[in-house]
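Undergrad: Okay, so here is coords.cif, and as you'll see once you scroll down, it has mmCIF, C-alpha atoms and all ligand atoms.
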```cif
data_run
#
loop_
_atom_site.label_atom_id
_atom_site.label_comp_id
_atom_site.auth_asym_id
_atom_site.auth_seq_id
_atom_site.Cartn_x
_atom_site.Cartn_y
_atom_site.Cartn_z
CA MET A 1 -37.09 -31.75 -0.55
CA SER A 2 -33.47 -32.88 -0.95
CA MET A 3 -32.07 -36.31 -0.07
CA PRO A 4 -30.15 -35.09 3.02
CA GLU A 5 -33.35 -33.44 4.28
CA ILE A 6 -35.33 -36.67 3.85
CA LEU A 7 -32.59 -38.69 5.55
CA ILE A 8 -32.40 -36.36 8.55
CA ILE A 9 -36.19 -36.52 8.95
CA VAL A 10 -36.10 -40.33 8.96
CA PHE A 11 -33.19 -40.28 11.42
CA GLY A 12 -35.13 -37.79 13.58
CA LEU A 13 -38.10 -40.16 13.68
CA VAL A 14 -35.93 -43.12 14.72
CA VAL A 15 -34.19 -41.13 17.46
CA GLY A 16 -37.60 -39.76 18.49
CA SER A 17 -38.77 -43.32 19.09
CA PHE A 18 -35.77 -43.79 21.42
CA LEU A 19 -36.55 -40.47 23.14
CA ASN A 20 -39.94 -41.92 24.13
CA VAL A 21 -38.04 -44.63 26.00
CA CYS A 22 -35.87 -41.96 27.68
CA ILE A 23 -38.93 -39.91 28.69
CA HIS A 24 -40.50 -42.99 30.25
CA ARG A 25 -37.43 -44.43 31.96
CA LEU A 26 -35.03 -41.60 32.94
CA PRO A 27 -37.26 -40.18 35.70
CA ARG A 28 -37.84 -43.73 37.00
CA GLU A 29 -34.07 -44.27 37.04
CA GLN A 30 -34.36 -47.32 34.78
CA SER A 31 -31.86 -48.34 32.11
CA ILE A 32 -32.58 -46.82 28.71
CA VAL A 33 -30.95 -49.71 26.81
CA SER A 34 -32.55 -52.81 28.34
CA PRO A 35 -35.00 -54.49 28.65
CA PRO A 36 -36.75 -53.90 25.29
CA SER A 37 -39.93 -51.82 25.29
CA ALA A 38 -43.12 -53.44 26.56
CA CYS A 39 -46.79 -52.42 26.65
CA PRO A 40 -47.34 -50.52 29.94
CA ALA A 41 -50.79 -52.13 30.28
CA CYS A 42 -50.12 -55.86 29.71
CA GLY A 43 -46.31 -56.10 29.69
CA THR A 44 -46.08 -57.81 26.29
CA LYS A 45 -42.75 -57.08 24.57
CA ILE A 46 -43.14 -54.81 21.57
CA LYS A 47 -42.07 -56.50 18.33
CA PRO A 48 -39.59 -54.59 16.13
CA TRP A 49 -42.17 -54.21 13.34
CA ASP A 50 -44.60 -52.67 15.83
CA ASN A 51 -41.91 -50.15 16.74
CA ILE A 52 -41.55 -48.32 13.40
CA PRO A 53 -41.93 -44.57 14.02
CA LEU A 54 -45.36 -43.16 13.05
CA ILE A 55 -46.17 -46.11 10.73
CA SER A 56 -46.70 -48.62 13.57
CA TYR A 57 -48.90 -46.25 15.54
CA PHE A 58 -51.09 -44.95 12.74
CA ILE A 59 -51.20 -47.85 10.27
CA LEU A 60 -50.24 -51.16 11.92
CA LEU A 61 -51.59 -50.71 15.44
CA ARG A 62 -54.07 -47.85 15.00
CA GLY A 63 -53.28 -46.56 18.47
CA LYS A 64 -53.87 -49.84 20.31
CA CYS A 65 -51.65 -52.55 21.83
CA ARG A 66 -51.62 -55.64 19.57
CA SER A 67 -51.98 -58.05 22.53
CA CYS A 68 -54.38 -56.41 24.96
CA GLY A 69 -55.98 -53.62 22.90
CA ALA A 70 -55.12 -50.97 25.50
CA PRO A 71 -54.93 -47.50 23.91
CA ILE A 72 -51.39 -46.19 23.28
CA SER A 73 -50.82 -42.54 24.07
CA LEU A 74 -50.80 -40.17 21.09
CA ARG A 75 -47.72 -38.69 22.70
CA TYR A 76 -45.47 -41.42 21.24
CA PRO A 77 -45.95 -40.44 17.58
CA LEU A 78 -46.04 -36.78 18.64
CA VAL A 79 -42.54 -36.98 20.16
CA GLU A 80 -41.25 -38.84 17.08
CA ALA A 81 -42.66 -36.22 14.71
CA ALA A 82 -41.49 -33.30 16.88
CA ASN A 83 -37.92 -34.64 16.97
CA ALA A 84 -37.93 -35.09 13.18
CA VAL A 85 -39.10 -31.48 12.72
CA LEU A 86 -36.36 -30.23 15.06
CA TYR A 87 -33.63 -32.12 13.18
CA TYR A 88 -34.96 -30.84 9.87
CA LEU A 89 -34.91 -27.25 11.18
CA THR A 90 -31.36 -27.75 12.49
CA LEU A 91 -30.13 -28.83 9.06
CA VAL A 92 -32.03 -26.12 7.19
CA GLN A 93 -30.97 -23.35 9.56
CA PHE A 94 -27.32 -24.25 10.15
CA GLY A 95 -26.30 -26.56 7.29
CA PHE A 96 -23.87 -29.47 7.38
CA GLY A 97 -20.90 -29.71 9.72
CA TRP A 98 -19.71 -31.09 13.03
CA HIS A 99 -22.05 -28.65 14.77
CA LEU A 100 -24.99 -30.64 13.40
CA PRO A 101 -24.83 -33.75 15.68
CA LEU A 102 -24.13 -31.55 18.72
CA LEU A 103 -27.13 -29.32 18.03
CA MET A 104 -29.28 -32.41 17.47
CA LEU A 105 -28.18 -33.63 20.91
CA PHE A 106 -29.20 -30.29 22.38
CA THR A 107 -32.62 -30.14 20.70
CA SER A 108 -33.42 -33.74 21.66
CA ALA A 109 -32.38 -32.97 25.25
CA MET A 110 -34.80 -30.02 25.32
CA LEU A 111 -37.60 -32.21 23.90
CA VAL A 112 -37.03 -34.91 26.55
CA ILE A 113 -36.93 -32.27 29.31
CA ILE A 114 -40.27 -30.80 28.16
CA PHE A 115 -42.11 -34.10 28.59
CA ILE A 116 -40.34 -35.36 31.73
CA ASP A 117 -40.98 -32.03 33.46
CA ILE A 118 -44.67 -32.12 32.46
CA ASP A 119 -45.01 -35.64 33.91
CA PHE A 120 -42.82 -35.51 37.01
CA GLN A 121 -41.98 -31.84 37.67
CA ILE A 122 -38.30 -32.75 37.56
CA ILE A 123 -35.47 -32.15 35.11
CA PRO A 124 -32.99 -35.04 35.34
CA ASP A 125 -29.39 -34.18 36.32
CA VAL A 126 -28.35 -36.96 33.95
CA ILE A 127 -29.12 -34.53 31.10
CA THR A 128 -28.20 -31.13 32.52
CA LEU A 129 -24.98 -31.89 34.45
CA PRO A 130 -23.06 -33.31 31.46
CA GLY A 131 -24.94 -30.78 29.29
CA MET A 132 -23.08 -27.83 30.81
CA PRO A 133 -19.44 -28.92 30.09
CA VAL A 134 -20.42 -30.47 26.72
CA GLY A 135 -22.07 -27.18 25.79
CA VAL A 136 -19.01 -25.11 26.70
CA LEU A 137 -16.63 -27.41 24.81
CA ALA A 138 -18.86 -27.52 21.73
CA ALA A 139 -19.55 -23.79 21.78
CA ALA A 140 -15.83 -23.01 22.07
CA PHE A 141 -15.01 -24.68 18.75
CA LEU A 142 -18.08 -25.57 16.70
CA LEU A 143 -21.50 -24.29 17.65
CA PRO A 144 -23.14 -21.54 15.62
CA ASP A 145 -24.18 -18.36 17.44
CA PRO A 146 -27.96 -18.33 16.88
CA PHE A 147 -27.85 -14.52 16.90
CA LEU A 148 -25.17 -14.36 14.23
CA THR A 149 -26.48 -16.86 11.70
CA PHE A 150 -27.14 -15.59 8.20
CA ARG A 151 -27.91 -16.89 4.75
CA THR A 152 -26.03 -16.16 1.56
CA PRO A 153 -28.10 -15.29 -1.56
CA ALA A 154 -27.49 -18.91 -2.63
CA GLY A 155 -29.17 -20.12 0.57
CA THR A 156 -26.06 -21.42 2.37
CA ALA A 157 -25.96 -20.91 6.13
CA VAL A 158 -23.12 -18.70 7.39
CA PHE A 159 -22.51 -18.18 11.09
CA GLU A 160 -20.10 -17.04 13.76
CA ILE A 161 -19.04 -19.56 16.41
CA VAL A 162 -20.54 -18.97 19.88
CA GLY A 163 -17.02 -19.01 21.36
CA ILE A 164 -15.85 -19.92 24.83
CA VAL A 165 -16.31 -16.47 26.40
CA ASN A 166 -19.93 -16.07 25.27
CA SER A 167 -20.63 -19.68 26.31
CA LEU A 168 -19.15 -19.26 29.81
CA ILE A 169 -20.98 -15.95 30.33
CA GLY A 170 -24.14 -17.72 29.15
CA LEU A 171 -23.63 -20.58 31.60
CA VAL A 172 -23.04 -18.21 34.52
CA THR A 173 -25.96 -15.94 33.49
CA GLY A 174 -28.42 -18.83 33.06
CA PHE A 175 -27.36 -20.64 36.22
CA GLY A 176 -26.98 -17.46 38.28
CA LEU A 177 -30.23 -15.79 37.20
CA PHE A 178 -32.30 -18.88 37.93
CA TYR A 179 -30.44 -19.66 41.13
CA LEU A 180 -31.42 -16.17 42.27
CA ILE A 181 -35.06 -16.75 41.24
CA ALA A 182 -35.02 -20.12 43.05
CA VAL A 183 -33.75 -18.50 46.25
CA LEU A 184 -36.16 -15.54 46.04
CA SER A 185 -39.17 -17.73 45.22
CA LYS A 186 -38.32 -20.06 48.12
CA GLY A 187 -38.62 -23.28 46.13
CA GLY A 188 -41.17 -22.02 43.56
CA MET A 189 -38.44 -22.56 40.98
CA GLY A 190 -36.63 -25.88 41.19
CA GLY A 191 -32.92 -26.71 41.03
CA GLY A 192 -33.58 -28.55 37.78
CA ASP A 193 -34.49 -25.30 36.02
CA VAL A 194 -31.29 -23.69 37.37
CA LYS A 195 -29.06 -26.40 35.89
CA MET A 196 -31.02 -26.53 32.64
CA MET A 197 -30.59 -22.78 32.12
CA GLY A 198 -26.86 -23.20 32.79
CA MET A 199 -26.83 -25.76 29.98
CA VAL A 200 -28.88 -23.51 27.67
CA GLY A 201 -26.42 -20.65 28.28
CA ALA A 202 -23.46 -22.91 27.58
CA PHE A 203 -24.95 -23.96 24.22
CA ILE A 204 -26.43 -20.70 22.89
CA GLY A 205 -24.69 -17.94 24.88
CA TRP A 206 -25.90 -15.13 27.11
CA LYS A 207 -28.24 -13.54 24.55
CA GLY A 208 -29.84 -16.97 24.27
CA VAL A 209 -30.41 -17.05 28.03
CA LEU A 210 -32.16 -13.67 27.97
CA LEU A 211 -34.37 -14.51 24.97
CA THR A 212 -35.16 -17.97 26.39
CA THR A 213 -36.22 -16.43 29.71
CA LEU A 214 -38.39 -13.86 27.93
CA LEU A 215 -40.04 -16.39 25.59
CA GLY A 216 -40.47 -18.95 28.40
CA SER A 217 -42.20 -16.37 30.62
CA LEU A 218 -44.45 -15.17 27.79
CA THR A 219 -45.58 -18.63 26.67
CA GLY A 220 -45.93 -19.76 30.30
CA ALA A 221 -48.15 -16.77 31.10
CA LEU A 222 -50.14 -17.22 27.90
CA VAL A 223 -50.82 -20.92 28.55
CA GLY A 224 -51.49 -20.27 32.26
CA VAL A 225 -54.07 -17.57 31.55
CA THR A 226 -55.68 -19.69 28.81
CA LEU A 227 -56.03 -22.63 31.20
CA MET A 228 -57.50 -20.37 33.88
CA VAL A 229 -60.01 -18.89 31.44
CA LEU A 230 -60.98 -22.39 30.33
CA ASN A 231 -61.27 -23.27 34.03
CA LYS A 232 -58.96 -26.21 33.58
CA ALA A 233 -56.59 -25.00 36.26
CA GLY A 234 -57.14 -23.07 39.44
CA ARG A 235 -54.73 -20.43 40.67
CA LYS A 236 -53.03 -23.03 42.80
CA THR A 237 -52.40 -25.63 40.10
CA LYS A 238 -48.66 -26.19 39.96
CA ILE A 239 -47.49 -25.67 36.39
CA PRO A 240 -43.81 -26.48 35.84
CA PHE A 241 -41.80 -23.70 34.21
CA GLY A 242 -39.19 -26.01 32.65
CA PRO A 243 -41.22 -26.96 29.54
CA TYR A 244 -41.75 -23.29 28.63
CA LEU A 245 -38.05 -22.54 29.12
CA ALA A 246 -37.03 -25.54 27.00
CA PHE A 247 -39.49 -24.39 24.31
CA GLY A 248 -38.08 -20.86 24.57
CA ALA A 249 -34.53 -22.22 24.17
CA LEU A 250 -35.53 -24.04 20.95
CA VAL A 251 -37.20 -20.94 19.49
CA SER A 252 -34.10 -18.89 20.45
CA LEU A 253 -31.82 -21.40 18.74
CA TYR A 254 -33.67 -21.43 15.42
CA PHE A 255 -35.00 -17.89 15.25
CA GLY A 256 -32.50 -15.86 17.33
CA THR A 257 -31.19 -13.80 14.42
CA PRO A 258 -34.58 -12.86 12.87
CA ILE A 259 -36.01 -12.05 16.33
CA LEU A 260 -33.02 -9.84 17.16
CA ARG A 261 -33.26 -8.07 13.76
CA TRP A 262 -36.98 -7.52 14.24
CA TYR A 263 -36.36 -6.14 17.73
CA LEU A 264 -33.66 -3.77 16.50
CA GLY A 265 -35.96 -2.73 13.67
CA THR A 266 -33.60 -3.58 10.83
ZN ZN B 301 -50.84 -54.46 25.96
#
```
Kindly return the structure encoded in the file as structure tokens.
Ligand SMILES: [Zn+2]
TA:
Amino acid sequence: MSMPEILIIVFGLVVGSFLNVCIHRLPREQSIVSPPSACPACGTKIKPWDNIPLISYFILLRGKCRSCGAPISLRYPLVEAANAVLYYLTLVQFGFGWHLPLLMLFTSAMLVIIFIDIDFQIIPDVITLPGMPVGVLAAAFLLPDPFLTFRTPAGTAVFEIVGIVNSLIGLVTGFGLFYLIAVLSKGGMGGGDVKMMGMVGAFIGWKGVLLTTLLGSLTGALVGVTLMVLNKAGRKTKIPFGPYLAFGALVSLYFGTPILRWYLGT
């Protein structure tokens, strides 16, 4: 593994630790910068050395609060590790450039949405409303088209830019399609999903919207049926769709070109 790859993994872990704060506080409309993190059980402030990604959880604290011994959710290290993996994939797939920080912003946004939607069945406007114009601006000048990303024999990533037209069509397709589903399902699909799909379209274009919708529906159905078979969820259990869509958007971003090639049989 090269030095840049190691550095981006470490950076991904550190940002992942901050994403845990966002996941906890954004839906509660609390500030994400202050006060410093505290144990949810006893309120003791978490010391900086107990806040090192992965190491604190697995080695220093062994999954328990230092003051009160209350168990700490395994989700914290999971989010840190997942964000590091996403950043690593972003670098490996698309290489260095100004597109890199913008794609990292996008993948972290999707990760935060997955967990907030699981917990609260909402997708915060604070992410998706700025996400739409930022996506269009970035896609117009910098962002790689995930369906036109290739590799030279030397392993360098080569891609076409999404472009403003594809991005705007993506925004309208994502927003419009899910707005239609929301109206037809009479509230079965929330407004949060509508705005998130607008953002997804802005970042990865209209093909990205279609593949995201397909992958989101497939994984959603697969998990839903599995839960039903395991009797963990009845037919009436409300399962949010947002996490599957956000997952589908990430898969589309990283694997759009190979999936499209496989589909076209080339
Ligand atoms: Zn505690």
Undergrad: Out of A:Ile118, A:Ile161, A:Ile59, A:Leu91, which residue has the shortest atom-to-atom distance to Tyr254 of chain A when counting only C-alpha atoms?
TA: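 Among the listed residues, A:Leu91 lies closest to Tyr254 of chain A.
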Undergrad: Tell me, counting all atoms listed in the file, for each residue of chain A within 8 Å of ligand ZN 301 (chain B), which pair of atoms is nearest and how far apart they are in Å to one decimal, in rows ordered by chain and increasing number, as a Markdown table.
TA:
```
| residue | atom | partner | partner_atom | distance |
| --- | --- | --- | --- | --- |
| A:Ala38 | CA | B:ZN301 | ZN | 7.8 |
| A:Cys39 | CA | B:ZN301 | ZN | 4.6 |
| A:Pro40 | CA | B:ZN301 | ZN | 6.6 |
| A:Ala41 | CA | B:ZN301 | ZN | 4.9 |
| A:Cys42 | CA | B:ZN301 | ZN | 4.1 |
| A:Gly43 | CA | B:ZN301 | ZN | 6.1 |
| A:Thr44 | CA | B:ZN301 | ZN | 5.8 |
| A:Lys64 | CA | B:ZN301 | ZN | 7.9 |
| A:Cys65 | CA | B:ZN301 | ZN | 4.6 |
| A:Arg66 | CA | B:ZN301 | ZN | 6.5 |
| A:Ser67 | CA | B:ZN301 | ZN | 5.1 |
| A:Cys68 | CA | B:ZN301 | ZN | 4.2 |
| A:Gly69 | CA | B:ZN301 | ZN | 6.0 |
| A:Ala70 | CA | B:ZN301 | ZN | 5.5 |
```
Undergrad: By how many Å are atom CA of Val21 of chain A and atom CA of Ser37 of chain A apart?
TA: 7.5 Å
Undergrad: Using Å and a single decimal, report how far atom CA of Glu80 of chain A sits from atom CA of Leu111 of chain A.
TA: 10.2 Å
Undergrad: Quick one: everything within 8 Å of Gln121 of chain A, counting only C-alpha atoms, minus sequence neighbours fewer than 4 positions away in the same chain. Send it as a ChimeraX atom specification.
TA: /A:116-117,240
Undergrad: Leaving out Ala138 of chain A and any residue of its chain fewer than 4 positions from it, which residues lie within 12 Å of it when counting only C-alpha atoms, given as a VMD selection string?
TA: chain A and resid 98 to 103 105 to 106 131 to 134 142 to 145 161 to 164 167 to 168 199 202 to 205
Undergrad: Distance atom CA of Val15 of chain A-atom CA of Val79 of chain A, one decimal place?
TA: 9.7 Å
Undergrad: My list of candidates is A:Gly12, A:Pro124, A:Pro4, A:Gly220. Which is closest to Arg25 of chain A when distances are computed with all atoms listed in the file?
TA: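 Checking each of A:Gly12, A:Pro124, A:Pro4, A:Gly220 against Arg25 of chain A, counting all atoms listed in the file, the winner is A:Pro124.
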Undergrad: Looking at all atoms listed in the file, which of A:Leu26, A:Val165, A:Val14, A:Ala221 is the one that sits closest to Ala109 of chain A?
TA: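 Counting all atoms listed in the file, the residue closest to Ala109 of chain A is A:Leu26.
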Undergrad: Considering all atoms listed in the file, return as a PyMOL selection string whatever protein or nucleic-acid residues lie within 12 Å of Ile123 of chain A, sequence-local ones (same chain, fewer than 4 positions apart) excluded.
TA: chain A and resi 23+26-28+109-119+127-129+189-197+199+240-243+245-246
Undergrad: Looking at all atoms listed in the file, which of A:Pro258, A:Tyr88, A:Leu211, A:Pro35 is the one that sits closest to Arg151 of chain A?
TA: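 Smallest separation from Arg151 of chain A among the options: A:Pro258.
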Undergrad: Pick the closest to Ala82 of chain A from A:Ser56, A:Asn51, A:Asn20, A:Ser34: which is it, counting only C-alpha atoms?
TA: A:Asn20
Undergrad: For each of A:Leu177, A:Trp262, A:Leu253, A:Gly188, take the minimum atom-to-atom distance to Leu89 of chain A, counting all atoms listed in the file, then give the residue where this is smallest.
TA: A:Leu253
